[in-house]
Amino acid sequence: KGIFYKKAKLLHPGEDLCCLARLDDRTRFVIINVGGIKYKVPWTTLENCPLTRLGKLKSCNNYDEIMNICDDYDVSCNEFFFDRNPSAFRTIMTFLTAGKLRLLREMCALSFQEELVYWGIEEDHLEWCCKKRLRQKEEEAAEARLYEGEMVFSETTQCAFQDNSRLNLCMRKLRDMVENPHSGIPGKIFACISVSFVAITAVSLCISTMPDVREEEDRGECSQKCYDIFVLETVCVAWFSFEFLLRSIQAENKCAFLKTPLNIIDVLAILPFYISLIVDMVSTKNSSKPAGGAGNKYLERVGLVLRFLRALRILYVMRLARHSLGLQTLGLTVRRCTREFGLLLLFLCVAMALFSPLVYLAESELGAKHEFTSVPTSYWWAVISMTTVGYGDMVPRSIPGQVVALSSILSGILLMAFPVTSIFHTFSRSYSELKEQQQRAASRQMR
């Protein structure tokens, strides 16, 4: 291909007339005009890729077959014209002559993919770095199309309520209020109330874990503070249940509504309150009956279940993702960076398996205190050292152990930094995309 690369030539204006003056050049060379940029290419170069659009030119027998492949043809100069991107064809020409196919930095990757499809060149010929960039752009485009499809579906559903009947008008206003905070004053008020109840729930959960409240709960008593917390929690759950009911009423497809991640979180956050009420009523009835050791064990298990269900109230905080662009960006970043998070966990596990036996051997042989009793015990020390947390509950005393600890800390800093850089760039890109999508949605709503 090096010989063909030397023979393939970019023609300057006025040069094509003199270079094809001889008749034998027409049988050996062909002029390819792409967007006004002309190339003098040997036929033998095009024969290397017979399945491409250019490779099919030699098999054409008449003018109609030629016009099915190119946009125009000049018989006098043996020139084939293609109305395509000349910058992309320059890269494709390099691939046909030298065997290297790379993406252009100044051109959209998806547009270049369309050019490859037009010229009949497989994407597998791309270099691995360019192929990775193309796959990344395809994923972003797919997510953008999904978001646009949801917006179109939302607008279509709104158009379904465009009738002048009172019911359809109410359903349209209800949908705007609960789903789109930017639709008007009712939507903003509804969103503010929802966020306020989430904050109140988080504060009440913190207060309910205070020692005095826990002691009253263990004794089976209920003071005024405990009663106020229960009333506040009941009001919050009642609002969340009412909000979930409104969202389910305005949704046309109930199955698709229940499969939405945020709605699943709502169900998981609301149900524990009602389940804890039922369990509390059952335990109260059983506690009124005299029982022995089995009854006490039953009450202990019931109390454990109640505490676990009440702890699930923290899921209400995830409801802020409906109104927070930052939380939406975080979720999108986690979904896009599953491979990076896997690499982070792999690096941590490998380094932990390496440094734990080393610090155990150093401390068990030369340590002044036997804090590292086994290798599994040393795993905890390796984790908190590599993540630079360092609680200080396990500290190497010997000089070899301290050398191992220094190596573990430095390795942890380096290994943690490698995937974090990629995660940061993904987070920044996801934030910009979601912000642009919200701006487009807002402008569409205004129109």
# chains A, B, ... in the order shown; residues from 1 in each chain; ligands from 1

call {"tool": "residues_around", "arguments": {"residues": "Leu345 of chain A", "least_positions_apart": "4", "cutoff": "12 Å", "atoms": "only C-alpha atoms", "output": "PDB file with N, CA, C and O atoms, in the first residue's frame"}}
result
ATOM      1  N   THR A 338     -20.087   2.592  35.411  1.00  0.00           N
ATOM      2  CA  THR A 338     -20.056   1.297  36.090  1.00  0.00           C
ATOM      3  C   THR A 338     -18.709   0.592  35.894  1.00  0.00           C
ATOM      4  O   THR A 338     -18.203  -0.064  36.805  1.00  0.00           O
ATOM      5  N   ARG A 339     -18.129   0.743  34.718  1.00  0.00           N
ATOM      6  CA  ARG A 339     -16.823   0.112  34.469  1.00  0.00           C
ATOM      7  C   ARG A 339     -15.734   0.768  35.309  1.00  0.00           C
ATOM      8  O   ARG A 339     -14.873   0.078  35.867  1.00  0.00           O
ATOM      9  N   GLU A 340     -15.783   2.088  35.441  1.00  0.00           N
ATOM     10  CA  GLU A 340     -14.772   2.782  36.252  1.00  0.00           C
ATOM     11  C   GLU A 340     -14.906   2.418  37.734  1.00  0.00           C
ATOM     12  O   GLU A 340     -13.906   2.230  38.428  1.00  0.00           O
ATOM     13  N   PHE A 341     -16.156   2.308  38.210  1.00  0.00           N
ATOM     14  CA  PHE A 341     -16.345   1.898  39.597  1.00  0.00           C
ATOM     15  C   PHE A 341     -15.866   0.466  39.817  1.00  0.00           C
ATOM     16  O   PHE A 341     -15.335   0.128  40.872  1.00  0.00           O
ATOM     17  N   CYS A 349      -9.220  -4.116  45.897  1.00  0.00           N
ATOM     18  CA  CYS A 349      -9.139  -5.513  46.343  1.00  0.00           C
ATOM     19  C   CYS A 349      -7.737  -6.090  46.120  1.00  0.00           C
ATOM     20  O   CYS A 349      -7.211  -6.805  46.980  1.00  0.00           O
ATOM     21  N   VAL A 350      -7.152  -5.774  44.973  1.00  0.00           N
ATOM     22  CA  VAL A 350      -5.809  -6.305  44.685  1.00  0.00           C
ATOM     23  C   VAL A 350      -4.785  -5.746  45.671  1.00  0.00           C
ATOM     24  O   VAL A 350      -3.957  -6.482  46.226  1.00  0.00           O
ATOM     25  N   ALA A 351      -4.829  -4.440  45.905  1.00  0.00           N
ATOM     26  CA  ALA A 351      -3.885  -3.837  46.843  1.00  0.00           C
ATOM     27  C   ALA A 351      -4.142  -4.313  48.271  1.00  0.00           C
ATOM     28  O   ALA A 351      -3.200  -4.520  49.045  1.00  0.00           O
ATOM     29  N   MET A 352      -5.398  -4.528  48.622  1.00  0.00           N
ATOM     30  CA  MET A 352      -5.713  -5.023  49.954  1.00  0.00           C
ATOM     31  C   MET A 352      -5.176  -6.442  50.144  1.00  0.00           C
ATOM     32  O   MET A 352      -4.625  -6.772  51.201  1.00  0.00           O
ATOM     33  N   VAL A 383      -7.887  -1.354  54.099  1.00  0.00           N
ATOM     34  CA  VAL A 383      -8.932  -0.538  53.461  1.00  0.00           C
ATOM     35  C   VAL A 383      -8.878   0.901  53.959  1.00  0.00           C
ATOM     36  O   VAL A 383      -8.875   1.859  53.167  1.00  0.00           O
ATOM     37  N   MET A 386      -5.589   2.657  52.656  1.00  0.00           N
ATOM     38  CA  MET A 386      -5.541   2.992  51.234  1.00  0.00           C
ATOM     39  C   MET A 386      -6.518   4.101  50.879  1.00  0.00           C
ATOM     40  O   MET A 386      -6.255   4.895  49.964  1.00  0.00           O
ATOM     41  N   THR A 387      -7.639   4.169  51.569  1.00  0.00           N
ATOM     42  CA  THR A 387      -8.597   5.246  51.325  1.00  0.00           C
ATOM     43  C   THR A 387      -8.283   6.490  52.137  1.00  0.00           C
ATOM     44  O   THR A 387      -9.098   7.430  52.170  1.00  0.00           O
ATOM     45  N   GLY A 412      -2.483   3.683  47.618  1.00  0.00           N
ATOM     46  CA  GLY A 412      -3.904   4.001  47.644  1.00  0.00           C
ATOM     47  C   GLY A 412      -4.206   5.338  47.003  1.00  0.00           C
ATOM     48  O   GLY A 412      -5.193   5.493  46.263  1.00  0.00           O
ATOM     49  N   LEU A 415      -3.759   4.731  43.135  1.00  0.00           N
ATOM     50  CA  LEU A 415      -4.748   3.846  42.537  1.00  0.00           C
ATOM     51  C   LEU A 415      -6.147   4.442  42.581  1.00  0.00           C
ATOM     52  O   LEU A 415      -6.948   4.216  41.672  1.00  0.00           O
ATOM     53  N   MET A 416      -6.459   5.189  43.634  1.00  0.00           N
ATOM     54  CA  MET A 416      -7.773   5.814  43.705  1.00  0.00           C
ATOM     55  C   MET A 416      -7.912   6.966  42.709  1.00  0.00           C
ATOM     56  O   MET A 416      -9.012   7.287  42.262  1.00  0.00           O
ATOM     57  N   PHE A 418      -6.654   7.189  39.608  1.00  0.00           N
ATOM     58  CA  PHE A 418      -6.761   6.817  38.195  1.00  0.00           C
ATOM     59  C   PHE A 418      -8.215   6.786  37.710  1.00  0.00           C
ATOM     60  O   PHE A 418      -8.566   7.477  36.755  1.00  0.00           O
ATOM     61  N   PRO A 419      -9.103   5.996  38.329  1.00  0.00           N
ATOM     62  CA  PRO A 419     -10.493   5.988  37.822  1.00  0.00           C
ATOM     63  C   PRO A 419     -11.261   7.255  38.166  1.00  0.00           C
ATOM     64  O   PRO A 419     -12.204   7.610  37.460  1.00  0.00           O
ATOM     65  N   VAL A 420     -10.877   7.939  39.251  1.00  0.00           N
ATOM     66  CA  VAL A 420     -11.629   9.125  39.674  1.00  0.00           C
ATOM     67  C   VAL A 420     -11.564  10.218  38.619  1.00  0.00           C
ATOM     68  O   VAL A 420     -12.527  10.972  38.420  1.00  0.00           O
TER      69      VAL A 420
END

call {"tool": "atom_distance", "arguments": {"atom1": "atom CA of Asp266 of chain A", "atom2": "atom CA of Ile207 of chain A"}}
result
22.2 Å

call {"tool": "residues_around", "arguments": {"residues": "Cys337 of chain A", "least_positions_apart": "2", "cutoff": "12 Å", "atoms": "only C-alpha atoms", "output": "VMD selection string"}}
result
chain A and resid 136 329 to 335 339 to 344 419 to 427 430

call {"tool": "write_last_selection", "arguments": {"atoms": "C-alpha atoms", "output": "short mmCIF file (atom, residue, chain, number, x, y, z; two decimals), in the first residue's frame"}}
result
data_model
loop_
_atom_site.label_atom_id
_atom_site.label_comp_id
_atom_site.auth_asym_id
_atom_site.auth_seq_id
_atom_site.Cartn_x
_atom_site.Cartn_y
_atom_site.Cartn_z
CA GLN A 136 -19.31 7.01 23.75
CA THR A 329 -26.35 14.14 37.31
CA LEU A 330 -25.03 11.86 40.05
CA GLY A 331 -27.39 9.05 39.03
CA LEU A 332 -26.49 9.43 35.35
CA THR A 333 -22.77 9.42 36.21
CA VAL A 334 -23.11 6.23 38.27
CA ARG A 335 -24.95 4.58 35.39
CA ARG A 339 -16.82 0.11 34.47
CA GLU A 340 -14.77 2.78 36.25
CA PHE A 341 -16.35 1.90 39.60
CA GLY A 342 -15.54 -1.74 38.90
CA LEU A 343 -11.91 -0.81 38.21
CA LEU A 344 -11.82 1.17 41.44
CA PRO A 419 -10.49 5.99 37.82
CA VAL A 420 -11.63 9.13 39.67
CA THR A 421 -10.32 11.34 36.87
CA SER A 422 -12.51 9.58 34.31
CA ILE A 423 -15.49 9.68 36.68
CA PHE A 424 -15.02 13.43 37.14
CA HIS A 425 -15.00 14.09 33.39
CA THR A 426 -18.11 11.95 32.98
CA PHE A 427 -19.85 13.87 35.76
CA SER A 430 -23.41 14.60 32.20
#

call {"tool": "residues_around", "arguments": {"residues": "Asp72 of chain A", "least_positions_apart": "3", "cutoff": "10 Å", "atoms": "only C-alpha atoms", "output": "PDB file with all heavy atoms, in the first residue's frame"}}
result
ATOM      1  N   ASN A  33     -13.781  13.539  -7.225  1.00  0.00           N
ATOM      2  CA  ASN A  33     -14.097  14.895  -6.799  1.00  0.00           C
ATOM      3  C   ASN A  33     -15.142  14.807  -5.684  1.00  0.00           C
ATOM      4  O   ASN A  33     -16.283  14.423  -5.922  1.00  0.00           O
ATOM      5  CB  ASN A  33     -14.640  15.704  -7.973  1.00  0.00           C
ATOM      6  CG  ASN A  33     -14.843  17.170  -7.620  1.00  0.00           C
ATOM      7  OD1 ASN A  33     -14.921  17.537  -6.440  1.00  0.00           O
ATOM      8  ND2 ASN A  33     -14.932  18.017  -8.635  1.00  0.00           N
ATOM      9  N   TYR A  63     -23.548   4.341 -18.193  1.00  0.00           N
ATOM     10  CA  TYR A  63     -23.690   5.611 -17.481  1.00  0.00           C
ATOM     11  C   TYR A  63     -24.682   5.504 -16.318  1.00  0.00           C
ATOM     12  O   TYR A  63     -24.481   6.133 -15.273  1.00  0.00           O
ATOM     13  CB  TYR A  63     -24.147   6.687 -18.482  1.00  0.00           C
ATOM     14  CG  TYR A  63     -24.257   8.061 -17.885  1.00  0.00           C
ATOM     15  CD1 TYR A  63     -23.122   8.860 -17.716  1.00  0.00           C
ATOM     16  CD2 TYR A  63     -25.489   8.577 -17.495  1.00  0.00           C
ATOM     17  CE1 TYR A  63     -23.213  10.130 -17.183  1.00  0.00           C
ATOM     18  CE2 TYR A  63     -25.595   9.858 -16.949  1.00  0.00           C
ATOM     19  CZ  TYR A  63     -24.453  10.618 -16.799  1.00  0.00           C
ATOM     20  OH  TYR A  63     -24.543  11.881 -16.266  1.00  0.00           O
ATOM     21  N   ILE A  66     -23.083   4.059 -13.254  1.00  0.00           N
ATOM     22  CA  ILE A  66     -22.186   5.041 -12.635  1.00  0.00           C
ATOM     23  C   ILE A  66     -22.989   6.054 -11.819  1.00  0.00           C
ATOM     24  O   ILE A  66     -22.613   6.410 -10.689  1.00  0.00           O
ATOM     25  CB  ILE A  66     -21.352   5.759 -13.718  1.00  0.00           C
ATOM     26  CG1 ILE A  66     -20.381   4.770 -14.370  1.00  0.00           C
ATOM     27  CG2 ILE A  66     -20.579   6.928 -13.112  1.00  0.00           C
ATOM     28  CD1 ILE A  66     -19.580   5.374 -15.508  1.00  0.00           C
ATOM     29  N   MET A  67     -24.117   6.514 -12.328  1.00  0.00           N
ATOM     30  CA  MET A  67     -24.915   7.508 -11.624  1.00  0.00           C
ATOM     31  C   MET A  67     -25.599   6.938 -10.387  1.00  0.00           C
ATOM     32  O   MET A  67     -26.009   7.686  -9.499  1.00  0.00           O
ATOM     33  CB  MET A  67     -25.973   8.095 -12.565  1.00  0.00           C
ATOM     34  CG  MET A  67     -25.384   8.907 -13.712  1.00  0.00           C
ATOM     35  SD  MET A  67     -24.295  10.249 -13.137  1.00  0.00           S
ATOM     36  CE  MET A  67     -25.443  11.233 -12.212  1.00  0.00           C
ATOM     37  N   ASN A  68     -25.735   5.619 -10.323  1.00  0.00           N
ATOM     38  CA  ASN A  68     -26.267   5.003  -9.108  1.00  0.00           C
ATOM     39  C   ASN A  68     -25.256   5.032  -7.964  1.00  0.00           C
ATOM     40  O   ASN A  68     -25.634   4.887  -6.797  1.00  0.00           O
ATOM     41  CB  ASN A  68     -26.686   3.558  -9.385  1.00  0.00           C
ATOM     42  CG  ASN A  68     -27.928   3.482 -10.253  1.00  0.00           C
ATOM     43  OD1 ASN A  68     -28.761   4.390 -10.239  1.00  0.00           O
ATOM     44  ND2 ASN A  68     -28.040   2.409 -11.034  1.00  0.00           N
ATOM     45  N   ILE A  69     -23.983   5.201  -8.316  1.00  0.00           N
ATOM     46  CA  ILE A  69     -22.931   5.206  -7.302  1.00  0.00           C
ATOM     47  C   ILE A  69     -22.519   6.622  -6.941  1.00  0.00           C
ATOM     48  O   ILE A  69     -22.365   6.955  -5.761  1.00  0.00           O
ATOM     49  CB  ILE A  69     -21.717   4.397  -7.796  1.00  0.00           C
ATOM     50  CG1 ILE A  69     -22.126   2.931  -8.006  1.00  0.00           C
ATOM     51  CG2 ILE A  69     -20.553   4.486  -6.812  1.00  0.00           C
ATOM     52  CD1 ILE A  69     -21.019   2.068  -8.561  1.00  0.00           C
ATOM     53  N   VAL A  75     -17.385  12.635 -18.493  1.00  0.00           N
ATOM     54  CA  VAL A  75     -16.774  11.632 -19.370  1.00  0.00           C
ATOM     55  C   VAL A  75     -15.458  12.132 -19.939  1.00  0.00           C
ATOM     56  O   VAL A  75     -14.491  11.374 -20.084  1.00  0.00           O
ATOM     57  CB  VAL A  75     -17.760  11.268 -20.511  1.00  0.00           C
ATOM     58  CG1 VAL A  75     -17.148  10.211 -21.420  1.00  0.00           C
ATOM     59  CG2 VAL A  75     -19.082  10.801 -19.940  1.00  0.00           C
ATOM     60  N   GLU A  79     -13.950  11.986 -14.530  1.00  0.00           N
ATOM     61  CA  GLU A  79     -14.036  12.533 -13.174  1.00  0.00           C
ATOM     62  C   GLU A  79     -15.379  12.163 -12.558  1.00  0.00           C
ATOM     63  O   GLU A  79     -16.442  12.391 -13.151  1.00  0.00           O
ATOM     64  CB  GLU A  79     -13.876  14.054 -13.227  1.00  0.00           C
ATOM     65  CG  GLU A  79     -13.995  14.726 -11.873  1.00  0.00           C
ATOM     66  CD  GLU A  79     -13.843  16.234 -11.971  1.00  0.00           C
ATOM     67  OE1 GLU A  79     -13.248  16.698 -12.985  1.00  0.00           O
ATOM     68  OE2 GLU A  79     -14.313  16.952 -11.065  1.00  0.00           O
ATOM     69  N   PHE A  80     -15.319  11.592 -11.338  1.00  0.00           N
ATOM     70  CA  PHE A  80     -16.511  11.189 -10.598  1.00  0.00           C
ATOM     71  C   PHE A  80     -16.720  12.183  -9.456  1.00  0.00           C
ATOM     72  O   PHE A  80     -15.790  12.438  -8.664  1.00  0.00           O
ATOM     73  CB  PHE A  80     -16.346   9.778 -10.031  1.00  0.00           C
ATOM     74  CG  PHE A  80     -16.155   8.729 -11.088  1.00  0.00           C
ATOM     75  CD1 PHE A  80     -14.880   8.404 -11.536  1.00  0.00           C
ATOM     76  CD2 PHE A  80     -17.236   8.066 -11.632  1.00  0.00           C
ATOM     77  CE1 PHE A  80     -14.696   7.432 -12.494  1.00  0.00           C
ATOM     78  CE2 PHE A  80     -17.064   7.087 -12.599  1.00  0.00           C
ATOM     79  CZ  PHE A  80     -15.791   6.774 -13.036  1.00  0.00           C
ATOM     80  N   PHE A  81     -17.955  12.731  -9.391  1.00  0.00           N
ATOM     81  CA  PHE A  81     -18.254  13.736  -8.384  1.00  0.00           C
ATOM     82  C   PHE A  81     -19.169  13.152  -7.309  1.00  0.00           C
ATOM     83  O   PHE A  81     -20.160  12.481  -7.624  1.00  0.00           O
ATOM     84  CB  PHE A  81     -18.942  14.952  -9.034  1.00  0.00           C
ATOM     85  CG  PHE A  81     -19.377  15.984  -8.042  1.00  0.00           C
ATOM     86  CD1 PHE A  81     -18.447  16.825  -7.431  1.00  0.00           C
ATOM     87  CD2 PHE A  81     -20.720  16.103  -7.684  1.00  0.00           C
ATOM     88  CE1 PHE A  81     -18.861  17.774  -6.515  1.00  0.00           C
ATOM     89  CE2 PHE A  81     -21.132  17.053  -6.766  1.00  0.00           C
ATOM     90  CZ  PHE A  81     -20.199  17.884  -6.173  1.00  0.00           C
ATOM     91  N   PHE A  82     -18.825  13.423  -6.056  1.00  0.00           N
ATOM     92  CA  PHE A  82     -19.619  12.989  -4.903  1.00  0.00           C
ATOM     93  C   PHE A  82     -19.898  14.218  -4.040  1.00  0.00           C
ATOM     94  O   PHE A  82     -18.962  14.923  -3.644  1.00  0.00           O
ATOM     95  CB  PHE A  82     -18.869  11.947  -4.065  1.00  0.00           C
ATOM     96  CG  PHE A  82     -18.596  10.664  -4.804  1.00  0.00           C
ATOM     97  CD1 PHE A  82     -17.439  10.520  -5.567  1.00  0.00           C
ATOM     98  CD2 PHE A  82     -19.486   9.612  -4.734  1.00  0.00           C
ATOM     99  CE1 PHE A  82     -17.180   9.344  -6.232  1.00  0.00           C
ATOM    100  CE2 PHE A  82     -19.234   8.434  -5.406  1.00  0.00           C
ATOM    101  CZ  PHE A  82     -18.072   8.298  -6.159  1.00  0.00           C
ATOM    102  N   ASP A  83     -21.158  14.446  -3.770  1.00  0.00           N
ATOM    103  CA  ASP A  83     -21.558  15.591  -2.946  1.00  0.00           C
ATOM    104  C   ASP A  83     -21.548  15.173  -1.472  1.00  0.00           C
ATOM    105  O   ASP A  83     -22.589  15.018  -0.823  1.00  0.00           O
ATOM    106  CB  ASP A  83     -22.952  16.071  -3.357  1.00  0.00           C
ATOM    107  CG  ASP A  83     -23.316  17.389  -2.690  1.00  0.00           C
ATOM    108  OD1 ASP A  83     -22.415  18.016  -2.094  1.00  0.00           O
ATOM    109  OD2 ASP A  83     -24.498  17.782  -2.750  1.00  0.00           O
TER     110      ASP A  83
END

call {"tool": "atom_distance", "arguments": {"atom1": "atom CA of Cys129 of chain A", "atom2": "atom CA of Glu106 of chain A"}}
result
15.8 Å

call {"tool": "residues_around", "arguments": {"residues": "Asn78 of chain A", "least_positions_apart": "2", "cutoff": "8 Å", "atoms": "only C-alpha atoms", "output": "PyMOL selection string"}}
result
chain A and resi 26+30-31+73-76+80
